[in-house]
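S.K.: The structure under discussion is supplied below as structure tokens; questions concerning it will follow.
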Amino acid sequence: MKRFIGFIKKEFYHIFRDKRSLFILFGMPIAQILLFGFAITNEINNVDIAIFDKSNDATTQEIIQKISASKYFSIKQNITNEAEIETVFQKGNVLAVLVFEKDFKKNLTKDNAAKVHVITDATDPNTANSITNYISAIIGSYQKEINKNSTLEYQIETKSRMVYNPELKSVFMFVPGVMTIILMLVSAMMTSISITREKELGTMEILLVSPLKPFQVIIGKVIPYIFLSIINAVVIVILSIFIFKMPVQGSLFLLALESVLFIITSLSLGILISTVSATQQTAMMISLMGLMLPTILLSGFIFPISSMPLPLQVISNIIPAKWFILILKGIMLKGVGLAFIWKETLILFGMTLFFIALSVKKYKIRLE
Amino acid sequence: MSISVQHISKSFKKVTAVNDVSFEVKEGELFGLNGPDGAGKTTIFRMLTTLLFADKGTATVAGFDVVDDYKEIRNNVGYMPGKFSLYQDLTVEENLDFFATIFGTTIEENYELIKDIYVQIEPFKKRRAGALSGGMKQKLALSCALIHKPKVLFLDEPTTGVDPVSRKEFWEMLKRLQQKGITILVSTPYMDEAELCDRIALIQHGKILQIDTPQEIIKHYPKKIYDVRADNMYRLIESLKSFEHHYSVYPFGEFVHYTDKRDDFNPQELQQYLAANDHQNIKIEITKTTIEDTFMELAK
């Protein structure tokens, strides 16, 4: 046991003396969570639009009034001819142009139908979609207002309510994703690098020719990173609660347990990577290409899994991060207990056992 | 026997690194493995320290089989690999303390054994190992390999890349360790160091050429060796090689070592031949045979 503690002490020396790994360990989580939280966002706010009002009557004025009064849009300019539409888009001044047809009010009152044209800049499809939806919603509510007195027969009204994230805050989506990525990165990459470093520097040779058992070496390598990852997880949760007002509806204790499970999954992946790579560089490449990319792309963090082609949906099942993100969303946003996420937990647990068994089998007690 | 090696062979893919090697090292002996780079020295060390399996043959270290009893061997030997293998980001003291701990001992417990060596680096004990000079690194590595009082010490090219003064000190330390009853197997590409061992095995291309004490090996050299020098060394070697009676010619430090085919060779004759070939400041002297001469002869 004393040997073991001596080994762990040595590992902490390594971590705290290497400025680069310290930065990855503690700088990156904070930087990432702030970046994703503040900079990358799908919400629309104060989008600049232009108006091409061909009729310029009371009704169009009222609609324009409503749009500019909302916090989502601000009217940047008024256009007077068709050709200008193209120009304002090319200049990038506005993201949408609203075109009211001629004799808008007259058509509305006489023919019971008037047309408004929403043209959006779809170089960013998500934003364009949101803009169209928001404008339609504003016009829709105006329409209901003017129809208040006259009762239409057979009217179907859709009423929607967004649950678990009623304000559609994108940070709620990013926090579980970022937490997953950071835990994965810190645990898997850092352990695999720290084990391969011993191989590369030749110290593994001495460790092998010592009474330390191989599993002691591995566990000794892993324990410091379990501690550091837990600290990271706590920092991320605290940041998201206090800065982004992320709710944690479910039990914090369950959240902690599940995080520890995922940390161990990632660590076992890291050990597995270290058994197949001879240098730190290989270990880093495998961790980045083999773990980070699939984690970002296929876990449902950025791109919803349900809209992926079927083969990718199938592949996403073997990504541990996918299951952890489901668990995190369940606990943080839906406030569910273990009864609802036992399946995901079991899958993660199974994966961990599999990775550990595989690395034990692959771990070499000799040089070849 | 402290180390016993019986007919071991080892190949890596197509290269045969060690080919049917056998030797024995007595308890408390300082035994040297001498040969050029790529001779198979490191592979032999790795097989004896249980890091590699031999393809063929058996070996025991301190009475334990290297395959079946590898755990006992790992408790009882000290190993210093060829590459500097300590933690560069740990201080001298932390390195030593770490190795003491993983072997289940403390610096104080075995301080007596490493005292001679450690006092020389103790003034720098707060310095990171990566910032030490080559000679000091070597002393630290030796201290770390010794801290658990091993029965057998394996030193793989311990003096490669170390300055001549430190090398000499290092060998004096080995001699003192030997007196404390530790069996030492050391490999070195330097032939002058070979003469400091009790017995040596000359090794090339994975095969042992000869095993004996350095004195016996030198004694069995069949020829008289002459130091030859002149102003233009390159032309001198050319001229000597075209001398019809030459047996061997190779540069040796600032001289050329020359041997003749005939037993009744007269240096005067060579002097005249060289003078006739426009050489200036010719010097020919009989010299002492060294291990290197023997090696060159055996490796022919």
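Identifiers in this document derive from the order of the structure tokens: chains are assigned A, B, ..., residues are numbered from 1 separately in each chain, and ligands are numbered from 1 in order of occurrence.
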Any idea what's packed within 6 Å of B:Val77, counting only C-alpha atoms, ignoring anything in its chain fewer than 5 positions away? Could you give it as a VMD selection string?
M.R.: chain B and resid 150 to 153
S.K.: Can you spit out the residues from that selection as a tab-separated table (two decimals), in the first residue's frame, using C-alpha atoms?
M.R.:
chain	number	residue	atom	x	y	z
B	150	PRO	CA	19.63	-5.92	-5.18
B	151	LYS	CA	21.45	-9.23	-5.35
B	152	VAL	CA	22.28	-8.74	-9.00
B	153	LEU	CA	22.85	-5.44	-10.74
S.K.: Could you build a table of the residues in chain B lying no more than 7 Å from chain A, giving for each the nearest pair of atoms and their separation in Å rounded to one decimal place, using only C-alpha atoms, ordered by chain and ascending residue number, as CSV?
M.R.:
residue,atom,partner,partner_atom,distance
B:Thr49,CA,A:Val209,CA,6.6
B:Leu51,CA,A:Arg366,CA,4.6
B:Leu52,CA,A:Leu367,CA,6.0
B:Arg74,CA,A:Val209,CA,4.9
B:Asn75,CA,A:Pro211,CA,5.3
B:Tyr79,CA,A:Ile206,CA,6.8
B:Lys83,CA,A:Gly202,CA,6.8
B:Ser85,CA,A:Thr203,CA,4.8
B:Leu86,CA,A:Thr203,CA,6.1
B:Asp89,CA,A:His14,CA,6.7
B:Phe98,CA,A:Gly6,CA,6.2
B:Thr101,CA,A:Arg3,CA,5.2
B:Ile102,CA,A:Arg3,CA,4.5
B:Phe103,CA,A:Pro211,CA,6.2
B:Gly104,CA,A:Arg3,CA,6.2
S.K.: So which residues of stretch 198-290 of chain B fall under strand (DSSP E or B) by DSSP, listed as a ChimeraX atom specification?
M.R.: /B:199-204,207-212,225-229,246-252,255-260,283-287
S.K.: So that I have them on file, write out the residues from the current selection with C-alpha atoms, as a PDB file, in the first residue's frame.
M.R.:
ATOM      1  CA  ARG B 199      35.762 -11.578 -16.783  1.00  0.00           C
ATOM      2  CA  ILE B 200      34.393 -10.450 -20.103  1.00  0.00           C
ATOM      3  CA  ALA B 201      32.440 -11.877 -22.982  1.00  0.00           C
ATOM      4  CA  LEU B 202      33.303 -10.404 -26.361  1.00  0.00           C
ATOM      5  CA  ILE B 203      30.169 -10.322 -28.445  1.00  0.00           C
ATOM      6  CA  GLN B 204      29.379  -9.460 -32.046  1.00  0.00           C
ATOM      7  CA  LYS B 207      27.316 -14.375 -30.983  1.00  0.00           C
ATOM      8  CA  ILE B 208      29.890 -14.669 -28.230  1.00  0.00           C
ATOM      9  CA  LEU B 209      33.410 -14.639 -29.637  1.00  0.00           C
ATOM     10  CA  GLN B 210      35.298 -15.392 -26.436  1.00  0.00           C
ATOM     11  CA  ILE B 211      34.787 -15.481 -22.661  1.00  0.00           C
ATOM     12  CA  ASP B 212      37.733 -15.105 -20.295  1.00  0.00           C
ATOM     13  CA  ILE B 225      51.593  -5.165 -32.349  1.00  0.00           C
ATOM     14  CA  TYR B 226      53.414  -2.057 -33.502  1.00  0.00           C
ATOM     15  CA  ASP B 227      52.337   1.557 -33.131  1.00  0.00           C
ATOM     16  CA  VAL B 228      53.108   3.314 -36.377  1.00  0.00           C
ATOM     17  CA  ARG B 229      52.783   7.008 -37.027  1.00  0.00           C
ATOM     18  CA  HIS B 246      51.140  -6.862 -43.609  1.00  0.00           C
ATOM     19  CA  TYR B 247      48.719  -8.962 -41.552  1.00  0.00           C
ATOM     20  CA  SER B 248      46.432  -6.286 -40.142  1.00  0.00           C
ATOM     21  CA  VAL B 249      46.311  -2.492 -40.282  1.00  0.00           C
ATOM     22  CA  TYR B 250      43.775  -0.336 -38.444  1.00  0.00           C
ATOM     23  CA  PRO B 251      43.788   3.096 -36.854  1.00  0.00           C
ATOM     24  CA  PHE B 252      44.062   3.148 -33.070  1.00  0.00           C
ATOM     25  CA  PHE B 255      48.538   5.645 -34.112  1.00  0.00           C
ATOM     26  CA  VAL B 256      48.018   2.919 -36.624  1.00  0.00           C
ATOM     27  CA  HIS B 257      48.224  -0.593 -35.215  1.00  0.00           C
ATOM     28  CA  TYR B 258      50.244  -2.830 -37.476  1.00  0.00           C
ATOM     29  CA  THR B 259      50.948  -6.564 -37.335  1.00  0.00           C
ATOM     30  CA  ASP B 260      53.092  -8.556 -39.711  1.00  0.00           C
ATOM     31  CA  LYS B 283      57.827   6.315 -35.804  1.00  0.00           C
ATOM     32  CA  ILE B 284      57.509   2.579 -35.214  1.00  0.00           C
ATOM     33  CA  GLU B 285      57.295   1.138 -31.697  1.00  0.00           C
ATOM     34  CA  ILE B 286      56.244  -2.166 -30.271  1.00  0.00           C
ATOM     35  CA  THR B 287      53.190  -1.753 -28.050  1.00  0.00           C
TER      36      THR B 287
END
S.K.: Residues at most 12 Å from B:Val66, counting only C-alpha atoms, excluding those fewer than 2 positions away in the same chain, as a JSON list (two decimals) with N, CA and C atoms, in the first residue's frame?
M.R.:
[["chain", "number", "residue", "atom", "x", "y", "z"],
["A", 209, "VAL", "N", 10.46, -3.87, -14.28],
["A", 209, "VAL", "CA", 11.44, -4.62, -13.50],
["A", 209, "VAL", "C", 11.43, -4.11, -12.07],
["A", 366, "ARG", "N", 5.55, -7.42, -20.22],
["A", 366, "ARG", "CA", 6.90, -7.39, -20.78],
["A", 366, "ARG", "C", 6.95, -6.34, -21.88],
["B", 3, "ILE", "N", 24.28, -15.73, -12.27],
["B", 3, "ILE", "CA", 23.55, -15.67, -13.53],
["B", 3, "ILE", "C", 24.01, -16.85, -14.37],
["B", 4, "SER", "N", 23.05, -17.56, -14.95],
["B", 4, "SER", "CA", 23.41, -18.68, -15.81],
["B", 4, "SER", "C", 22.57, -18.59, -17.08],
["B", 5, "VAL", "N", 23.24, -18.53, -18.20],
["B", 5, "VAL", "CA", 22.55, -18.39, -19.48],
["B", 5, "VAL", "C", 22.90, -19.60, -20.34],
["B", 6, "GLN", "N", 21.88, -20.31, -20.78],
["B", 6, "GLN", "CA", 22.12, -21.53, -21.56],
["B", 6, "GLN", "C", 21.48, -21.44, -22.95],
["B", 8, "ILE", "N", 20.68, -19.28, -25.25],
["B", 8, "ILE", "CA", 19.51, -18.47, -25.59],
["B", 8, "ILE", "C", 19.68, -17.80, -26.95],
["B", 44, "ILE", "N", 20.12, -9.15, -24.61],
["B", 44, "ILE", "CA", 20.47, -10.10, -23.55],
["B", 44, "ILE", "C", 20.03, -9.55, -22.20],
["B", 45, "PHE", "N", 20.30, -8.26, -21.96],
["B", 45, "PHE", "CA", 19.90, -7.64, -20.70],
["B", 45, "PHE", "C", 18.39, -7.73, -20.50],
["B", 46, "ARG", "N", 17.65, -7.45, -21.57],
["B", 46, "ARG", "CA", 16.19, -7.45, -21.43],
["B", 46, "ARG", "C", 15.65, -8.85, -21.18],
["B", 47, "MET", "N", 16.32, -9.85, -21.74],
["B", 47, "MET", "CA", 15.85, -11.22, -21.48],
["B", 47, "MET", "C", 16.14, -11.60, -20.03],
["B", 48, "LEU", "N", 17.30, -11.15, -19.52],
["B", 48, "LEU", "CA", 17.66, -11.51, -18.16],
["B", 48, "LEU", "C", 16.84, -10.73, -17.13],
["B", 49, "THR", "N", 16.39, -9.52, -17.50],
["B", 49, "THR", "CA", 15.58, -8.75, -16.55],
["B", 49, "THR", "C", 14.09, -9.02, -16.76],
["B", 50, "THR", "N", 13.76, -10.10, -17.44],
["B", 50, "THR", "CA", 12.38, -10.59, -17.65],
["B", 50, "THR", "C", 11.54, -9.68, -18.52],
["B", 51, "LEU", "N", 12.18, -8.78, -19.28],
["B", 51, "LEU", "CA", 11.39, -7.89, -20.13],
["B", 51, "LEU", "C", 11.09, -8.51, -21.49],
["B", 52, "LEU", "N", 11.91, -9.48, -21.90],
["B", 52, "LEU", "CA", 11.68, -10.15, -23.17],
["B", 52, "LEU", "C", 11.76, -11.65, -22.96],
["B", 53, "PHE", "N", 11.01, -12.38, -23.77],
["B", 53, "PHE", "CA", 11.12, -13.84, -23.78],
["B", 53, "PHE", "C", 12.21, -14.24, -24.76],
["B", 54, "ALA", "N", 13.00, -15.26, -24.39],
["B", 54, "ALA", "CA", 13.94, -15.82, -25.35],
["B", 54, "ALA", "C", 13.16, -16.74, -26.29],
["B", 57, "GLY", "N", 16.30, -21.58, -25.48],
["B", 57, "GLY", "CA", 17.25, -21.55, -24.38],
["B", 57, "GLY", "C", 16.64, -21.14, -23.05],
["B", 58, "THR", "N", 17.41, -21.31, -21.98],
["B", 58, "THR", "CA", 16.93, -20.96, -20.65],
["B", 58, "THR", "C", 17.95, -20.07, -19.95],
["B", 59, "ALA", "N", 17.49, -19.39, -18.93],
["B", 59, "ALA", "CA", 18.41, -18.56, -18.14],
["B", 59, "ALA", "C", 17.88, -18.44, -16.73],
["B", 60, "THR", "N", 18.80, -18.36, -15.76],
["B", 60, "THR", "CA", 18.39, -18.09, -14.39],
["B", 60, "THR", "C", 19.17, -16.90, -13.86],
["B", 61, "VAL", "N", 18.52, -16.12, -13.00],
["B", 61, "VAL", "CA", 19.16, -14.99, -12.34],
["B", 61, "VAL", "C", 18.93, -15.15, -10.84],
["B", 62, "ALA", "N", 19.99, -15.12, -10.06],
["B", 62, "ALA", "CA", 19.92, -15.32, -8.61],
["B", 62, "ALA", "C", 19.16, -16.61, -8.27],
["B", 63, "GLY", "N", 19.27, -17.60, -9.13],
["B", 63, "GLY", "CA", 18.63, -18.88, -8.87],
["B", 63, "GLY", "C", 17.21, -18.98, -9.37],
["B", 64, "PHE", "N", 16.66, -17.89, -9.91],
["B", 64, "PHE", "CA", 15.28, -17.92, -10.39],
["B", 64, "PHE", "C", 15.24, -17.98, -11.91],
["B", 68, "ASP", "N", 9.59, -18.50, -15.50],
["B", 68, "ASP", "CA", 8.65, -18.98, -14.49],
["B", 68, "ASP", "C", 8.64, -18.13, -13.22],
["B", 69, "ASP", "N", 9.81, -17.68, -12.80],
["B", 69, "ASP", "CA", 9.89, -16.95, -11.53],
["B", 69, "ASP", "C", 10.15, -15.46, -11.74],
["B", 70, "TYR", "N", 9.54, -14.90, -12.81],
["B", 70, "TYR", "CA", 9.89, -13.52, -13.13],
["B", 70, "TYR", "C", 9.58, -12.54, -12.00],
["B", 71, "LYS", "N", 8.56, -12.88, -11.19],
["B", 71, "LYS", "CA", 8.21, -11.97, -10.11],
["B", 71, "LYS", "C", 9.32, -11.88, -9.06],
["B", 72, "GLU", "N", 9.93, -13.04, -8.74],
["B", 72, "GLU", "CA", 11.03, -13.03, -7.77],
["B", 72, "GLU", "C", 12.21, -12.23, -8.31],
["B", 73, "ILE", "N", 12.48, -12.43, -9.60],
["B", 73, "ILE", "CA", 13.60, -11.70, -10.18],
["B", 73, "ILE", "C", 13.37, -10.20, -10.07],
["B", 74, "ARG", "N", 12.13, -9.77, -10.35],
["B", 74, "ARG", "CA", 11.83, -8.34, -10.31],
["B", 74, "ARG", "C", 11.99, -7.76, -8.90],
["B", 76, "ASN", "N", 14.47, -8.85, -6.91],
["B", 76, "ASN", "CA", 15.85, -9.06, -6.46],
["B", 76, "ASN", "C", 16.94, -8.46, -7.33],
["B", 77, "VAL", "N", 16.55, -7.83, -8.42],
["B", 77, "VAL", "CA", 17.60, -7.25, -9.26],
["B", 77, "VAL", "C", 17.45, -5.74, -9.36]]
S.K.: Of the candidates A:Val217, A:Leu228, A:Val276, A:Ile315, which shows the shortest atom-to-atom distance to A:Leu297, using only C-alpha atoms?
M.R.: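 Nearest to A:Leu297: A:Ile315.
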S.K.: Counting only C-alpha atoms, what is within 8 Å of A:Leu254, bar same-chain residues fewer than 2 positions away, as number ranges by chain?
M.R.: A: 250-252, 256-258, 331, 337-338
S.K.: Keeping only N, CA and C atoms, take the residues you just selected and write them out as a short mmCIF file (atom, residue, chain, number, x, y, z; two decimals), in the first residue's frame.
M.R.:
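Resulting contents of selection-v8.cif:
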data_model
loop_
_atom_site.label_atom_id
_atom_site.label_comp_id
_atom_site.auth_asym_id
_atom_site.auth_seq_id
_atom_site.Cartn_x
_atom_site.Cartn_y
_atom_site.Cartn_z
N GLY A 250 -33.05 17.18 -11.13
CA GLY A 250 -32.96 15.89 -10.45
C GLY A 250 -32.00 15.93 -9.28
N SER A 251 -31.63 14.74 -8.82
CA SER A 251 -30.81 14.68 -7.63
C SER A 251 -29.34 14.91 -7.96
N LEU A 252 -28.70 15.80 -7.20
CA LEU A 252 -27.29 16.09 -7.41
C LEU A 252 -26.45 14.86 -7.13
N ALA A 256 -23.79 13.11 -9.57
CA ALA A 256 -22.40 12.85 -9.20
C ALA A 256 -22.03 11.40 -9.49
N LEU A 257 -22.91 10.48 -9.12
CA LEU A 257 -22.62 9.06 -9.32
C LEU A 257 -22.47 8.74 -10.81
N GLU A 258 -23.40 9.27 -11.60
CA GLU A 258 -23.35 9.00 -13.04
C GLU A 258 -22.09 9.61 -13.65
N ILE A 331 -31.31 14.02 -16.01
CA ILE A 331 -31.22 14.46 -14.62
C ILE A 331 -31.35 15.98 -14.51
N GLY A 337 -35.32 10.29 -12.12
CA GLY A 337 -34.48 9.49 -11.22
C GLY A 337 -33.93 8.30 -11.96
N LEU A 338 -33.26 7.46 -11.20
CA LEU A 338 -32.60 6.30 -11.80
C LEU A 338 -33.60 5.40 -12.53
#
S.K.: Would you mind listing what lies within 12 Å of B:Thr213 as a CSV table (one decimal) with C-alpha atoms, in the first residue's frame, with only C-alpha atoms counted and same-chain residues fewer than 2 positions away left out?
M.R.:
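Output saved as result.csv:
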chain,number,residue,atom,x,y,z
B,29,GLU,CA,31.7,-11.2,-10.0
B,30,LEU,CA,32.0,-8.1,-12.2
B,31,PHE,CA,31.2,-9.5,-15.6
B,32,GLY,CA,31.4,-7.4,-18.8
B,33,LEU,CA,29.6,-7.8,-22.1
B,194,ALA,CA,36.5,-4.1,-20.5
B,195,GLU,CA,39.9,-4.5,-18.9
B,196,LEU,CA,38.4,-3.4,-15.5
B,197,CYS,CA,36.0,-6.4,-15.4
B,198,ASP,CA,36.8,-9.7,-13.7
B,199,ARG,CA,35.8,-11.6,-16.8
B,200,ILE,CA,34.4,-10.4,-20.1
B,201,ALA,CA,32.4,-11.9,-23.0
B,202,LEU,CA,33.3,-10.4,-26.4
B,210,GLN,CA,35.3,-15.4,-26.4
B,211,ILE,CA,34.8,-15.5,-22.7
B,215,GLN,CA,44.5,-10.8,-19.0
B,216,GLU,CA,44.0,-14.2,-20.6
B,217,ILE,CA,42.3,-12.8,-23.6
B,218,ILE,CA,45.2,-10.4,-24.2
B,219,LYS,CA,47.7,-13.1,-23.6
B,220,HIS,CA,46.3,-15.3,-26.3
B,291,ILE,CA,41.2,-5.9,-25.7
S.K.: Can you tell me, as number ranges by chain, which residues in stretch 28-252 of chain B count as alpha helix (DSSP H) by DSSP?
M.R.: B: 41-48, 70-76, 92-102, 111-121, 134-146, 164-179, 191-194, 214-219, 233-241
S.K.: Keeping only C-alpha atoms, take the residues you just selected and write them out as a tab-separated table (two decimals), in the first residue's frame.
M.R.:
chain	number	residue	atom	x	y	z
B	41	LYS	CA	23.89	-6.63	-25.57
B	42	THR	CA	20.67	-4.83	-24.73
B	43	THR	CA	18.55	-7.78	-25.89
B	44	ILE	CA	20.47	-10.10	-23.55
B	45	PHE	CA	19.90	-7.64	-20.70
B	46	ARG	CA	16.19	-7.45	-21.43
B	47	MET	CA	15.85	-11.22	-21.48
B	48	LEU	CA	17.66	-11.51	-18.16
B	70	TYR	CA	9.89	-13.52	-13.13
B	71	LYS	CA	8.21	-11.97	-10.11
B	72	GLU	CA	11.03	-13.03	-7.77
B	73	ILE	CA	13.60	-11.70	-10.18
B	74	ARG	CA	11.83	-8.34	-10.31
B	75	ASN	CA	12.18	-8.18	-6.51
B	76	ASN	CA	15.85	-9.06	-6.46
B	92	VAL	CA	17.08	14.06	-7.47
B	93	GLU	CA	15.70	13.35	-4.03
B	94	GLU	CA	12.17	12.65	-5.27
B	95	ASN	CA	13.45	10.18	-7.84
B	96	LEU	CA	15.44	8.29	-5.25
B	97	ASP	CA	12.59	8.39	-2.77
B	98	PHE	CA	10.16	7.11	-5.40
B	99	PHE	CA	12.29	4.12	-6.31
B	100	ALA	CA	12.92	3.34	-2.65
B	101	THR	CA	9.17	3.41	-2.00
B	102	ILE	CA	8.13	1.16	-4.86
B	111	TYR	CA	21.84	4.65	2.71
B	112	GLU	CA	25.08	2.85	3.53
B	113	LEU	CA	25.06	1.11	0.15
B	114	ILE	CA	24.61	4.21	-1.96
B	115	LYS	CA	26.44	6.64	0.31
B	116	ASP	CA	29.63	6.77	-1.78
B	117	ILE	CA	27.70	7.60	-4.90
B	118	TYR	CA	24.93	9.69	-3.46
B	119	VAL	CA	27.16	12.13	-1.53
B	120	GLN	CA	28.44	13.37	-4.88
B	121	ILE	CA	24.98	14.37	-6.07
B	134	GLY	CA	25.45	13.34	-17.95
B	135	GLY	CA	27.77	12.07	-15.23
B	136	MET	CA	25.44	13.12	-12.44
B	137	LYS	CA	22.46	11.55	-14.17
B	138	GLN	CA	24.39	8.32	-14.31
B	139	LYS	CA	25.18	8.47	-10.61
B	140	LEU	CA	21.56	9.15	-9.79
B	141	ALA	CA	20.40	6.27	-11.99
B	142	LEU	CA	22.88	3.96	-10.28
B	143	SER	CA	21.69	5.11	-6.86
B	144	CYS	CA	18.11	4.41	-7.88
B	145	ALA	CA	19.00	0.96	-9.18
B	146	LEU	CA	20.80	0.20	-5.91
B	164	PRO	CA	36.18	10.40	-19.11
B	165	VAL	CA	36.58	11.59	-15.51
B	166	SER	CA	33.07	10.50	-14.55
B	167	ARG	CA	33.59	7.22	-16.36
B	168	LYS	CA	36.65	6.47	-14.28
B	169	GLU	CA	34.84	7.37	-11.06
B	170	PHE	CA	31.93	5.21	-12.12
B	171	TRP	CA	34.11	2.14	-12.53
B	172	GLU	CA	35.72	2.74	-9.14
B	173	MET	CA	32.24	2.76	-7.66
B	174	LEU	CA	31.42	-0.53	-9.35
B	175	LYS	CA	34.53	-2.07	-7.84
B	176	ARG	CA	33.44	-0.97	-4.37
B	177	LEU	CA	29.91	-2.33	-4.89
B	178	GLN	CA	31.40	-5.62	-5.92
B	179	GLN	CA	33.19	-5.81	-2.60
B	191	MET	CA	37.17	-1.77	-24.86
B	192	ASP	CA	39.34	0.08	-22.32
B	193	GLU	CA	36.58	-0.42	-19.75
B	194	ALA	CA	36.51	-4.13	-20.49
B	214	PRO	CA	40.86	-9.68	-19.80
B	215	GLN	CA	44.46	-10.77	-19.05
B	216	GLU	CA	43.96	-14.23	-20.60
B	217	ILE	CA	42.25	-12.77	-23.63
B	218	ILE	CA	45.17	-10.42	-24.22
B	219	LYS	CA	47.73	-13.14	-23.57
B	233	MET	CA	47.94	9.28	-41.42
B	234	TYR	CA	45.57	8.61	-44.27
B	235	ARG	CA	48.39	7.96	-46.74
B	236	LEU	CA	50.18	5.93	-44.07
B	237	ILE	CA	47.29	3.48	-43.80
B	238	GLU	CA	47.19	3.19	-47.61
B	239	SER	CA	50.92	2.49	-47.75
B	240	LEU	CA	50.82	-0.05	-44.91
B	241	LYS	CA	47.96	-1.88	-46.56
S.K.: Just give me the gap between atom CA of A:Ala283 and atom CA of A:Ser192 in Å, one decimal is fine.
M.R.: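 One can read the atom CA of A:Ala283 to atom CA of A:Ser192 distance as 6.0 Å.
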S.K.: Which residues are close to A:Leu108, i.e. within 12 Å by only C-alpha atoms, leaving aside same-chain residues fewer than 6 positions away? Reply as a list in words.
M.R.: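 My reading of the contact set: Ser55, Asp57, Ala58, Thr59, Thr60, Phe100, Glu101, Lys102, Ala114, Lys115, Val116, Gln143, Ile146 and Asn147 of chain A.
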S.K.: Need the shell around A:Ser268: protein/DNA/RNA residues with any atom at most 8 Å away, counting only C-alpha atoms. Skip same-chain ones fewer than 6 positions apart. Format as a PyMOL selection string?
M.R.: chain A and resi 188+352+355-356+359
S.K.: Keeping only N, CA and C atoms, take the residues you just selected and write them out as an mmCIF file, in the first residue's frame.
M.R.:
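File written: selection_27.cif
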data_model
loop_
_atom_site.group_PDB
_atom_site.id
_atom_site.type_symbol
_atom_site.label_atom_id
_atom_site.label_comp_id
_atom_site.auth_asym_id
_atom_site.auth_seq_id
_atom_site.Cartn_x
_atom_site.Cartn_y
_atom_site.Cartn_z
ATOM 1 N N ALA A 188 -9.639 10.407 -20.810
ATOM 2 C CA ALA A 188 -9.065 9.472 -21.771
ATOM 3 C C ALA A 188 -7.725 9.953 -22.306
ATOM 4 N N THR A 352 -17.866 0.078 -19.845
ATOM 5 C CA THR A 352 -16.702 0.225 -18.981
ATOM 6 C C THR A 352 -16.065 -1.128 -18.697
ATOM 7 N N PHE A 355 -14.205 -2.341 -21.768
ATOM 8 C CA PHE A 355 -12.929 -1.670 -22.015
ATOM 9 C C PHE A 355 -11.871 -2.120 -21.014
ATOM 10 N N ILE A 356 -12.279 -2.271 -19.754
ATOM 11 C CA ILE A 356 -11.301 -2.681 -18.735
ATOM 12 C C ILE A 356 -10.803 -4.085 -19.039
ATOM 13 N N SER A 359 -8.411 -3.964 -21.924
ATOM 14 C CA SER A 359 -7.079 -3.412 -21.649
ATOM 15 C C SER A 359 -6.274 -4.334 -20.762
#
